[in-house]
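K.L.:
Take a look at upload.txt, compact mmCIF, C-alpha atoms:
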```txt
# COMPACT_ATOMS: atom_id res chain seq x y z
CA MET A 1 -74.68 -13.55 -138.75
CA GLN A 2 -73.94 -14.83 -142.23
CA ARG A 3 -71.28 -13.27 -144.35
CA LEU A 4 -72.50 -10.59 -146.70
CA HIS A 5 -72.59 -11.25 -150.40
CA SER A 6 -69.84 -9.19 -151.93
CA VAL A 7 -70.98 -6.39 -154.20
CA LYS A 8 -68.83 -4.41 -156.60
CA ALA A 9 -68.33 -0.92 -155.20
CA ASN A 10 -68.21 0.93 -158.51
CA SER A 11 -71.49 -0.45 -159.74
CA ILE A 12 -73.22 0.82 -156.63
CA VAL A 13 -72.02 4.36 -156.34
CA SER A 14 -72.40 5.12 -160.05
CA LYS A 15 -76.11 4.26 -159.97
CA TRP A 16 -77.50 7.17 -158.01
CA ASN A 17 -78.33 10.57 -159.30
CA ARG A 18 -77.29 13.15 -156.73
CA LYS A 19 -79.82 15.73 -157.93
CA GLU A 20 -82.73 13.66 -156.68
CA ILE A 21 -81.59 13.00 -153.14
CA PRO A 22 -83.03 15.32 -150.46
CA ASP A 23 -80.47 17.41 -148.61
CA ILE A 24 -81.84 16.17 -145.28
CA VAL A 25 -80.85 12.63 -146.28
CA ILE A 26 -77.33 13.81 -147.18
CA GLY A 27 -77.15 15.46 -143.78
CA ARG A 28 -77.73 12.13 -142.02
CA LEU A 29 -75.02 10.23 -143.93
CA PRO A 30 -72.12 11.75 -141.93
CA VAL A 31 -73.89 10.71 -138.73
CA TYR A 32 -74.21 7.14 -140.01
CA LEU A 33 -70.55 7.20 -141.02
CA ARG A 34 -69.44 8.43 -137.58
CA THR A 35 -71.44 5.71 -135.84
CA LEU A 36 -70.20 2.98 -138.19
CA ARG A 37 -66.60 4.03 -137.60
CA LEU A 38 -67.11 3.88 -133.85
CA LEU A 39 -68.54 0.38 -134.19
CA ALA A 40 -65.57 -0.60 -136.38
CA GLU A 41 -63.14 0.83 -133.82
CA SER A 42 -64.78 -1.26 -131.13
CA GLY A 43 -63.96 -4.35 -133.22
CA GLN A 44 -67.40 -5.02 -134.70
CA ASP A 45 -67.63 -6.27 -138.32
CA VAL A 46 -71.34 -6.33 -139.07
CA THR A 47 -74.30 -4.20 -137.99
CA SER A 48 -77.98 -3.81 -138.81
CA SER A 49 -80.31 -0.92 -139.50
CA HIS A 50 -81.93 -1.80 -136.15
CA GLU A 51 -78.67 -1.46 -134.23
CA LEU A 52 -77.83 1.81 -136.00
CA GLY A 53 -81.35 3.08 -135.41
CA ASP A 54 -81.20 2.26 -131.69
CA ARG A 55 -77.88 4.09 -131.37
CA LEU A 56 -79.07 7.16 -133.24
CA GLY A 57 -82.71 7.42 -132.23
CA ILE A 58 -83.76 7.04 -135.87
CA SER A 59 -86.11 4.32 -137.15
CA SER A 60 -84.45 1.39 -138.90
CA ALA A 61 -86.82 1.93 -141.83
CA GLN A 62 -85.55 5.49 -142.22
CA ILE A 63 -81.95 4.30 -142.27
CA ARG A 64 -82.68 1.63 -144.88
CA LYS A 65 -84.57 4.18 -146.98
CA ASP A 66 -81.76 6.74 -146.73
CA LEU A 67 -79.13 4.22 -147.77
CA SER A 68 -81.29 2.80 -150.56
CA HIS A 69 -80.85 6.08 -152.45
CA PHE A 70 -77.27 5.01 -153.10
CA GLY A 71 -77.62 1.31 -153.79
CA GLU A 72 -78.01 -1.90 -151.86
CA PHE A 73 -75.52 -2.15 -149.03
CA GLY A 74 -76.85 -5.09 -147.07
CA LYS A 75 -79.00 -8.19 -147.41
CA GLN A 76 -82.18 -8.57 -145.40
CA GLY A 77 -81.47 -10.60 -142.30
CA THR A 78 -77.69 -10.41 -142.64
CA GLY A 79 -77.07 -6.74 -141.98
CA TYR A 80 -74.34 -4.44 -143.21
CA ASN A 81 -70.63 -5.12 -143.48
CA ILE A 82 -69.36 -2.14 -141.51
CA LYS A 83 -66.04 -1.65 -143.29
CA PHE A 84 -67.66 -1.86 -146.72
CA LEU A 85 -70.44 0.58 -145.78
CA CYS A 86 -67.90 3.02 -144.26
CA ASN A 87 -65.91 2.97 -147.51
CA GLN A 88 -69.04 3.54 -149.57
CA LEU A 89 -70.23 6.44 -147.40
CA GLN A 90 -66.76 8.00 -147.54
CA ARG A 91 -66.86 7.82 -151.33
CA ILE A 92 -70.41 9.19 -151.52
CA LEU A 93 -69.51 12.10 -149.21
CA HIS A 94 -66.17 12.63 -151.00
CA VAL A 95 -64.18 12.13 -147.81
CA ASP A 96 -62.08 9.32 -149.25
CA ARG A 97 -59.47 12.13 -149.53
CA ILE A 98 -58.22 15.03 -147.37
CA TRP A 99 -59.85 18.45 -147.85
CA PRO A 100 -57.78 21.52 -147.00
CA VAL A 101 -59.65 23.90 -144.67
CA ILE A 102 -58.95 27.54 -143.88
CA LEU A 103 -59.61 28.87 -140.38
CA VAL A 104 -60.22 32.57 -139.70
CA GLY A 105 -59.90 33.70 -136.09
CA ALA A 106 -57.03 32.79 -133.77
CA GLY A 107 -58.68 33.53 -130.42
CA SER A 108 -59.46 30.88 -127.82
CA LEU A 109 -62.06 29.25 -130.08
CA GLY A 110 -59.72 29.26 -133.10
CA ASN A 111 -57.03 27.78 -130.88
CA ALA A 112 -59.33 24.97 -129.78
CA ILE A 113 -60.29 24.22 -133.39
CA ALA A 114 -56.66 24.34 -134.56
CA ASN A 115 -55.64 21.90 -131.85
CA TYR A 116 -58.46 19.45 -132.48
CA THR A 117 -56.89 16.20 -133.62
CA GLY A 118 -60.01 14.56 -135.02
CA PHE A 119 -60.18 16.27 -138.40
CA GLU A 120 -57.62 14.39 -140.45
CA SER A 121 -58.94 10.88 -139.84
CA ARG A 122 -62.33 12.07 -141.11
CA GLY A 123 -61.19 13.88 -144.25
CA PHE A 124 -60.09 17.40 -143.28
CA ARG A 125 -56.92 19.33 -142.51
CA ILE A 126 -56.48 22.90 -141.28
CA VAL A 127 -53.92 24.28 -143.75
CA ALA A 128 -53.98 27.98 -142.83
CA ILE A 129 -55.12 30.14 -139.91
CA PHE A 130 -55.75 33.86 -140.28
CA ASP A 131 -56.15 36.77 -137.93
CA GLU A 132 -55.74 40.55 -138.08
CA ASP A 133 -54.21 40.94 -134.62
CA PRO A 134 -50.42 41.56 -134.91
CA GLU A 135 -50.04 39.94 -131.47
CA VAL A 136 -51.10 36.51 -132.77
CA ILE A 137 -49.89 36.66 -136.39
CA GLY A 138 -46.78 34.50 -136.65
CA GLN A 139 -47.62 32.40 -133.59
CA LYS A 140 -47.88 28.64 -133.96
CA MET A 141 -51.38 27.30 -133.40
CA GLY A 142 -51.96 23.60 -133.75
CA PRO A 143 -50.19 22.48 -136.93
CA VAL A 144 -49.64 25.89 -138.61
CA TYR A 145 -48.53 29.47 -138.03
CA VAL A 146 -51.15 32.21 -137.85
CA ASP A 147 -51.07 34.26 -141.04
CA ASP A 148 -52.20 37.83 -141.76
CA PHE A 149 -55.80 37.91 -143.02
CA ALA A 150 -54.50 40.22 -145.77
CA ASN A 151 -52.85 37.14 -147.30
CA LEU A 152 -56.14 35.23 -147.59
CA ALA A 153 -56.43 35.31 -151.39
CA GLN A 154 -52.88 34.16 -152.00
CA ARG A 155 -52.97 31.34 -149.42
CA THR A 156 -56.38 30.16 -150.61
CA GLU A 157 -55.01 29.79 -154.11
CA GLU A 158 -51.83 28.07 -152.90
CA THR A 159 -53.73 25.56 -150.77
CA SER A 160 -56.68 25.01 -153.18
CA ALA A 161 -58.98 25.24 -150.15
CA GLN A 162 -62.73 25.35 -150.81
CA ILE A 163 -63.89 25.23 -147.18
CA ALA A 164 -63.46 27.85 -144.46
CA ILE A 165 -64.25 28.15 -140.77
CA ILE A 166 -65.27 31.49 -139.25
CA ALA A 167 -64.22 31.69 -135.60
CA VAL A 168 -64.27 35.46 -135.10
CA PRO A 169 -66.68 37.55 -132.97
CA ALA A 170 -70.18 38.15 -134.35
CA SER A 171 -69.34 41.78 -135.08
CA ALA A 172 -66.61 40.77 -137.57
CA ALA A 173 -68.22 37.66 -139.06
CA GLN A 174 -70.13 39.23 -141.98
CA ARG A 175 -67.05 41.13 -143.16
CA VAL A 176 -64.94 37.98 -142.93
CA ALA A 177 -67.59 36.00 -144.82
CA ASP A 178 -67.68 38.59 -147.59
CA ARG A 179 -63.91 38.29 -148.00
CA LEU A 180 -64.01 34.49 -147.98
CA ILE A 181 -66.68 34.42 -150.66
CA HIS A 182 -64.77 37.00 -152.68
CA VAL A 183 -61.78 34.66 -152.91
CA GLY A 184 -63.95 31.68 -153.81
CA LEU A 185 -64.42 29.98 -150.44
CA ASN A 186 -68.07 29.04 -150.87
CA SER A 187 -68.48 26.41 -148.15
CA ILE A 188 -68.39 28.08 -144.75
CA LEU A 189 -68.77 26.78 -141.23
CA CYS A 190 -69.65 29.73 -139.01
CA TYR A 191 -69.12 29.67 -135.23
CA ALA A 192 -70.22 33.29 -134.79
CA PRO A 193 -73.77 33.58 -133.39
CA ILE A 194 -75.25 35.39 -136.37
CA THR A 195 -76.98 34.48 -139.62
CA LEU A 196 -74.76 35.56 -142.51
CA VAL A 197 -76.16 37.22 -145.59
CA VAL A 198 -74.62 35.36 -148.53
CA PRO A 199 -75.31 34.74 -152.25
CA SER A 200 -77.37 31.67 -153.09
CA HIS A 201 -74.39 29.67 -154.40
CA VAL A 202 -72.68 29.83 -150.99
CA ARG A 203 -73.34 27.15 -148.40
CA VAL A 204 -73.12 28.17 -144.74
CA ASN A 205 -73.57 25.83 -141.80
CA TYR A 206 -73.66 27.16 -138.27
CA ILE A 207 -72.33 25.98 -134.95
CA ASP A 208 -74.03 27.81 -132.11
CA PRO A 209 -74.35 26.04 -128.76
CA VAL A 210 -77.06 28.43 -127.57
CA ILE A 211 -79.39 27.27 -130.37
CA HIS A 212 -79.11 23.77 -128.89
CA PHE A 213 -79.57 24.98 -125.31
CA GLN A 214 -82.67 26.99 -126.20
CA HIS A 215 -84.10 23.93 -127.94
CA MET A 216 -83.52 21.93 -124.73
CA THR A 217 -85.00 24.50 -122.35
CA TYR A 218 -88.31 24.42 -124.20
CA TYR A 219 -88.76 21.00 -122.60
CA LEU A 220 -87.42 22.00 -119.17
CA LYS A 221 -89.24 23.62 -116.26
CA MET B 1 -95.33 49.76 -142.34
CA GLN B 2 -98.35 50.32 -140.11
CA ARG B 3 -98.14 49.87 -136.39
CA LEU B 4 -99.09 46.45 -135.15
CA HIS B 5 -102.30 45.96 -133.29
CA SER B 6 -101.38 45.28 -129.70
CA VAL B 7 -102.15 41.80 -128.45
CA LYS B 8 -102.11 40.63 -124.85
CA ALA B 9 -99.09 38.43 -124.31
CA ASN B 10 -100.62 36.09 -121.74
CA SER B 11 -103.57 35.20 -123.88
CA ILE B 12 -101.25 34.11 -126.66
CA VAL B 13 -98.79 31.91 -124.89
CA SER B 14 -101.41 30.11 -122.85
CA LYS B 15 -103.26 28.97 -125.99
CA TRP B 16 -100.86 26.42 -127.32
CA ASN B 17 -100.47 22.87 -126.26
CA ARG B 18 -96.80 21.97 -126.26
CA LYS B 19 -97.47 18.27 -126.72
CA GLU B 20 -98.75 18.78 -130.24
CA ILE B 21 -95.90 20.83 -131.66
CA PRO B 22 -93.30 18.93 -133.72
CA ASP B 23 -89.77 18.98 -132.30
CA ILE B 24 -88.44 20.20 -135.64
CA VAL B 25 -90.57 23.35 -135.26
CA ILE B 26 -89.20 23.90 -131.75
CA GLY B 27 -85.70 23.55 -133.17
CA ARG B 28 -86.29 26.47 -135.54
CA LEU B 29 -87.57 28.88 -132.88
CA PRO B 30 -84.09 29.63 -131.44
CA VAL B 31 -82.93 30.47 -134.96
CA TYR B 32 -85.83 32.88 -135.40
CA LEU B 33 -85.04 34.40 -132.02
CA ARG B 34 -81.36 34.88 -132.88
CA THR B 35 -82.24 36.59 -136.15
CA LEU B 36 -84.88 38.81 -134.56
CA ARG B 37 -82.41 39.91 -131.89
CA LEU B 38 -79.84 40.80 -134.54
CA LEU B 39 -82.47 42.86 -136.35
CA ALA B 40 -83.39 44.57 -133.08
CA GLU B 41 -79.72 45.31 -132.36
CA SER B 42 -79.42 46.94 -135.75
CA GLY B 43 -82.24 49.31 -134.73
CA GLN B 44 -85.11 47.73 -136.64
CA ASP B 45 -88.57 47.67 -135.01
CA VAL B 46 -90.71 45.64 -137.41
CA THR B 47 -90.02 42.70 -139.72
CA SER B 48 -92.00 40.32 -141.94
CA SER B 49 -92.02 36.58 -142.53
CA HIS B 50 -90.58 37.39 -145.98
CA GLU B 51 -87.61 39.26 -144.54
CA LEU B 52 -86.96 36.53 -141.97
CA GLY B 53 -87.33 33.88 -144.66
CA ASP B 54 -84.86 35.62 -146.96
CA ARG B 55 -82.34 35.87 -144.14
CA LEU B 56 -82.69 32.26 -143.10
CA GLY B 57 -83.30 30.50 -146.39
CA ILE B 58 -86.68 29.28 -145.14
CA SER B 59 -89.98 30.00 -146.90
CA SER B 60 -92.10 32.76 -145.41
CA ALA B 61 -95.03 30.33 -145.33
CA GLN B 62 -93.00 27.94 -143.16
CA ILE B 63 -92.15 30.72 -140.73
CA ARG B 64 -95.79 31.83 -140.46
CA LYS B 65 -96.88 28.22 -139.96
CA ASP B 66 -94.24 27.60 -137.28
CA LEU B 67 -95.21 30.72 -135.35
CA SER B 68 -98.94 30.04 -135.73
CA HIS B 69 -98.54 27.05 -133.38
CA PHE B 70 -98.09 29.57 -130.57
CA GLY B 71 -100.63 32.24 -131.42
CA GLU B 72 -100.95 35.19 -133.73
CA PHE B 73 -97.89 37.42 -133.58
CA GLY B 74 -98.43 39.69 -136.55
CA LYS B 75 -101.12 41.02 -138.83
CA GLN B 76 -101.11 40.28 -142.54
CA GLY B 77 -99.48 43.17 -144.38
CA THR B 78 -98.09 44.80 -141.23
CA GLY B 79 -95.49 42.27 -140.17
CA TYR B 80 -94.13 41.45 -136.73
CA ASN B 81 -93.16 43.81 -133.94
CA ILE B 82 -89.63 42.53 -133.33
CA LYS B 83 -89.37 43.31 -129.63
CA PHE B 84 -92.74 41.75 -128.89
CA LEU B 85 -91.95 38.61 -130.89
CA CYS B 86 -88.53 38.30 -129.20
CA ASN B 87 -90.19 38.45 -125.79
CA GLN B 88 -92.76 35.85 -126.79
CA LEU B 89 -90.14 33.46 -128.19
CA GLN B 90 -88.03 33.88 -125.05
CA ARG B 91 -91.04 32.96 -122.94
CA ILE B 92 -91.95 30.00 -125.15
CA LEU B 93 -88.37 28.68 -125.06
CA HIS B 94 -88.07 29.45 -121.30
CA VAL B 95 -85.09 31.72 -121.83
CA ASP B 96 -86.72 34.68 -120.13
CA ARG B 97 -84.43 33.63 -117.24
CA ILE B 98 -80.82 32.45 -116.78
CA TRP B 99 -80.15 28.69 -116.81
CA PRO B 100 -77.09 27.44 -114.91
CA VAL B 101 -74.90 25.17 -117.08
CA ILE B 102 -72.18 22.74 -116.04
CA LEU B 103 -69.12 22.26 -118.25
CA VAL B 104 -67.01 19.12 -118.12
CA GLY B 105 -63.56 19.31 -119.70
CA ALA B 106 -61.08 22.14 -119.15
CA GLY B 107 -58.86 21.60 -122.18
CA SER B 108 -58.54 24.08 -125.04
CA LEU B 109 -62.15 23.51 -126.11
CA GLY B 110 -63.45 23.86 -122.56
CA ASN B 111 -61.40 27.01 -122.22
CA ALA B 112 -62.94 28.48 -125.37
CA ILE B 113 -66.45 27.64 -124.16
CA ALA B 114 -65.77 29.04 -120.68
CA ASN B 115 -64.51 32.30 -122.18
CA TYR B 116 -67.40 32.73 -124.60
CA THR B 117 -69.24 35.88 -123.59
CA GLY B 118 -72.42 35.28 -125.58
CA PHE B 119 -74.21 32.87 -123.24
CA GLU B 120 -75.65 35.14 -120.60
CA SER B 121 -77.50 37.53 -122.92
CA ARG B 122 -79.27 34.51 -124.41
CA GLY B 123 -80.26 32.74 -121.20
CA PHE B 124 -77.30 30.66 -119.99
CA ARG B 125 -74.44 30.88 -117.51
CA ILE B 126 -71.53 28.49 -116.96
CA VAL B 127 -71.64 27.99 -113.18
CA ALA B 128 -69.10 25.18 -112.77
CA ILE B 129 -66.28 23.61 -114.77
CA PHE B 130 -64.95 20.15 -114.03
CA ASP B 131 -61.86 18.19 -114.94
CA GLU B 132 -59.92 15.25 -113.52
CA ASP B 133 -56.46 16.63 -114.30
CA PRO B 134 -54.81 17.95 -111.09
CA GLU B 135 -52.85 20.40 -113.28
CA VAL B 136 -56.00 22.33 -114.24
CA ILE B 137 -58.17 21.83 -111.13
CA GLY B 138 -58.16 25.12 -109.20
CA GLN B 139 -57.24 27.25 -112.22
CA LYS B 140 -59.52 30.10 -113.21
CA MET B 141 -61.21 29.59 -116.56
CA GLY B 142 -63.59 32.24 -117.80
CA PRO B 143 -65.81 33.19 -114.87
CA VAL B 144 -65.16 30.21 -112.54
CA TYR B 145 -62.46 27.98 -111.07
CA VAL B 146 -62.03 24.47 -112.42
CA ASP B 147 -63.39 21.96 -109.93
CA ASP B 148 -62.61 18.28 -109.39
CA PHE B 149 -65.02 16.06 -111.34
CA ALA B 150 -65.39 14.08 -108.11
CA ASN B 151 -67.43 17.03 -106.78
CA LEU B 152 -69.97 16.86 -109.62
CA ALA B 153 -72.94 15.61 -107.56
CA GLN B 154 -72.50 18.18 -104.82
CA ARG B 155 -71.99 21.15 -107.18
CA THR B 156 -74.91 20.09 -109.39
CA GLU B 157 -77.18 20.13 -106.37
CA GLU B 158 -75.81 23.47 -105.13
CA THR B 159 -76.24 25.14 -108.52
CA SER B 160 -79.57 23.48 -109.47
CA ALA B 161 -78.12 22.93 -112.95
CA GLN B 162 -80.11 20.78 -115.38
CA ILE B 163 -77.90 21.27 -118.45
CA ALA B 164 -74.34 20.08 -119.04
CA ILE B 165 -71.71 20.42 -121.73
CA ILE B 166 -69.30 17.58 -122.51
CA ALA B 167 -66.00 18.93 -123.82
CA VAL B 168 -63.76 15.93 -123.14
CA PRO B 169 -62.09 13.59 -125.66
CA ALA B 170 -64.28 10.97 -127.34
CA SER B 171 -62.66 8.21 -125.29
CA ALA B 172 -63.93 9.73 -122.01
CA ALA B 173 -67.28 11.08 -123.20
CA GLN B 174 -69.49 8.06 -122.49
CA ARG B 175 -68.15 7.71 -118.95
CA VAL B 176 -68.70 11.43 -118.33
CA ALA B 177 -72.22 11.22 -119.76
CA ASP B 178 -73.06 8.29 -117.47
CA ARG B 179 -71.96 10.34 -114.45
CA LEU B 180 -73.89 13.41 -115.57
CA ILE B 181 -77.06 11.40 -116.03
CA HIS B 182 -76.52 9.68 -112.68
CA VAL B 183 -76.63 13.06 -110.88
CA GLY B 184 -79.71 14.17 -112.82
CA LEU B 185 -78.20 16.24 -115.63
CA ASN B 186 -80.51 15.05 -118.39
CA SER B 187 -79.94 17.75 -121.04
CA ILE B 188 -76.48 17.33 -122.53
CA LEU B 189 -74.63 19.16 -125.27
CA CYS B 190 -71.83 16.89 -126.45
CA TYR B 191 -68.78 18.22 -128.31
CA ALA B 192 -67.07 14.83 -128.42
CA PRO B 193 -67.34 13.18 -131.87
CA ILE B 194 -69.30 10.13 -130.73
CA THR B 195 -72.93 9.13 -130.36
CA LEU B 196 -73.64 8.60 -126.68
CA VAL B 197 -75.73 5.69 -125.45
CA VAL B 198 -78.28 7.21 -123.04
CA PRO B 199 -81.69 6.36 -121.53
CA SER B 200 -84.71 7.63 -123.43
CA HIS B 201 -85.49 10.41 -120.93
CA VAL B 202 -82.12 12.06 -121.62
CA ARG B 203 -81.79 14.61 -124.38
CA VAL B 204 -78.39 14.88 -126.10
CA ASN B 205 -77.53 17.37 -128.82
CA TYR B 206 -74.21 17.18 -130.64
CA ILE B 207 -71.74 19.72 -131.89
CA ASP B 208 -69.36 18.14 -134.38
CA PRO B 209 -67.84 20.32 -137.09
CA VAL B 210 -66.87 17.31 -139.22
CA ILE B 211 -70.53 16.34 -139.64
CA HIS B 212 -71.06 19.76 -141.24
CA PHE B 213 -67.92 19.49 -143.38
CA GLN B 214 -68.88 16.05 -144.67
CA HIS B 215 -72.32 17.37 -145.55
CA MET B 216 -70.66 20.17 -147.54
CA THR B 217 -68.17 17.96 -149.39
CA TYR B 218 -70.98 15.86 -150.82
CA TYR B 219 -71.67 18.87 -153.05
CA LEU B 220 -68.00 19.66 -153.79
CA LYS B 221 -65.74 18.20 -156.45
```
Please render this file's structure as structure tokens.

P.N.:
Amino acid sequence: MQRLHSVKANSIVSKWNRKEIPDIVIGRLPVYLRTLRLLAESGQDVTSSHELGDRLGISSAQIRKDLSHFGEFGKQGTGYNIKFLCNQLQRILHVDRIWPVILVGAGSLGNAIANYTGFESRGFRIVAIFDEDPEVIGQKMGPVYVDDFANLAQRTEETSAQIAIIAVPASAAQRVADRLIHVGLNSILCYAPITLVVPSHVRVNYIDPVIHFQHMTYYLK
Amino acid sequence: MQRLHSVKANSIVSKWNRKEIPDIVIGRLPVYLRTLRLLAESGQDVTSSHELGDRLGISSAQIRKDLSHFGEFGKQGTGYNIKFLCNQLQRILHVDRIWPVILVGAGSLGNAIANYTGFESRGFRIVAIFDEDPEVIGQKMGPVYVDDFANLAQRTEETSAQIAIIAVPASAAQRVADRLIHVGLNSILCYAPITLVVPSHVRVNYIDPVIHFQHMTYYLK
């Protein structure tokens, strides 16, 4: 493949108006970024919308259309420079920095999350872990010591965290969410198998394996 | 609210043709089911597309349209009988039974998954856990003992499992997936932060918290 024409990064990212871009498109960008980084790690320099599409089960036209919201990242017939596109996507998604994240729940799930080593390279760091159980408060879990949930407000302010993970049982999740929102944590990733009731300015994403299983079993006999 | 007119269950579910229903609609049904079950647990008997929509951040029209693919579950102005609709959704999604699930990876994430108590009430049971590490093989984890990954084919046949969870590091995930597919496990839930390369008849869903975080940070400053 030919070398890509170089394009000035600033001129690209400043062009787009984030109000106009559908949320479903934004949701695909992290998936593109993950795939591009895997290609980069395997030593590849250039890719195409066709290669990405084949890997992801998305049409190449969709990928080109999604990326075109943010500028022109490749030339027809020459493909995308992987490193350049990774950098652009990281800037667009604001993960060209490290975001502090608060974790609530120090059970076996919280422990697994705290010990996951893949956050930092992708823009996130667990800076505090909370629980209400005196048995686990003070224990080391992954990189930090488990703190008393009563200290949430103070630690949130100290760490400037805007993102929180809920890893408590379903029965406690709404109460935890209410507290998180009260202290200004308005971006929440919830592992509890419930749908939280939250104000409209709060964004909640859910991780629930059973939702995926039940989607799969529809197609099984 | 008035009582719902009773409708014969069989006549409803047999009407629809599953070929015609978009996958994105199928993907929302488990979310409806989860919410309906939470309403039922809180003692509620009847709900409406408006109430469901408010809870889920989906328009009531979308919910009615999604459900209409499968028959008529409520009467205008009277809403849905929650228990009836739960039963119907469980039948449609084939979770009116228990599906055996195989888990690969007995690290801290595997341990958290194995100890999760919310699977069985929603249609799933971890029946075998595999690892390659002699240190963990033979240990009890949640309800079962960790087995040698070398025994995958035999145990898959014994348990009739069709669904598998990958909870190994990214570097091992593709190799594990290849083995799973080789023994006929064609529905895979992957916790490793990679995109697997699989044949077209294999369905893979992904659980990757960073994808959610990066979606959130797009909107943060």

K.L.:
Return the neighbours of chain B among the residues of chain A, cut-off 6 Å, counting all atoms listed in the file, as a PyMOL selection string.

P.N.:
chain A and resi 27+30+93-94+108-109+112+211+215+217-218

K.L.:
If we count only C-alpha atoms and set the cut-off at 9 Å, which residues sit around Val176 (chain A), ignoring sequence neighbours fewer than 5 positions away in its own chain? Please answer as an MDAnalysis selection string.

P.N.:
chainID A and resid 104 166 168 181

K.L.:
Determine the nearest neighbour of Gly74 (chain B) from the options B:Ala150, B:Ser59, B:Asp96, B:Ser49, counting all atoms listed in the file.

P.N.:
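When distances to Gly74 (chain B) are compared using all atoms listed in the file, the smallest one comes from B:Ser49.
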
K.L.:
Counting all atoms listed in the file, write as JSON, numbers by chain all protein and nucleic acid residues lying at most 12 Å from (-48.8, 38.5, -130.6) in the file's frame.

P.N.:
{"A": [106, 107, 131, 132, 133, 134, 135, 136, 137, 138, 139, 140, 141, 145, 146, 147, 148]}

K.L.:
Could you write out as AutoDock Vina command-line options the box around region 108-125 of chain A (axis-aligned, all atoms listed in the file, 8 Å on each side), with centre and edge lengths in Å to one decimal?

P.N.:
```
--center_x -59.0 --center_y 20.9 --center_z -136.0 --size_x 22.7 --size_y 36.0 --size_z 32.4
```

K.L.:
Just give me the gap between CA of Leu89 (chain A) and CA of His69 (chain A) in Å, one decimal is fine.

P.N.:
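Taking CA of Leu89 (chain A) as the start and CA of His69 (chain A) as the end point, the length is 11.8 Å.
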
K.L.:
For CA of Tyr80 (chain B) and CA of Ser48 (chain B), quote the distance in Å rounded to one decimal.

P.N.:
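Atom-to-atom, CA of Tyr80 (chain B) and CA of Ser48 (chain B) are spaced 5.7 Å apart.
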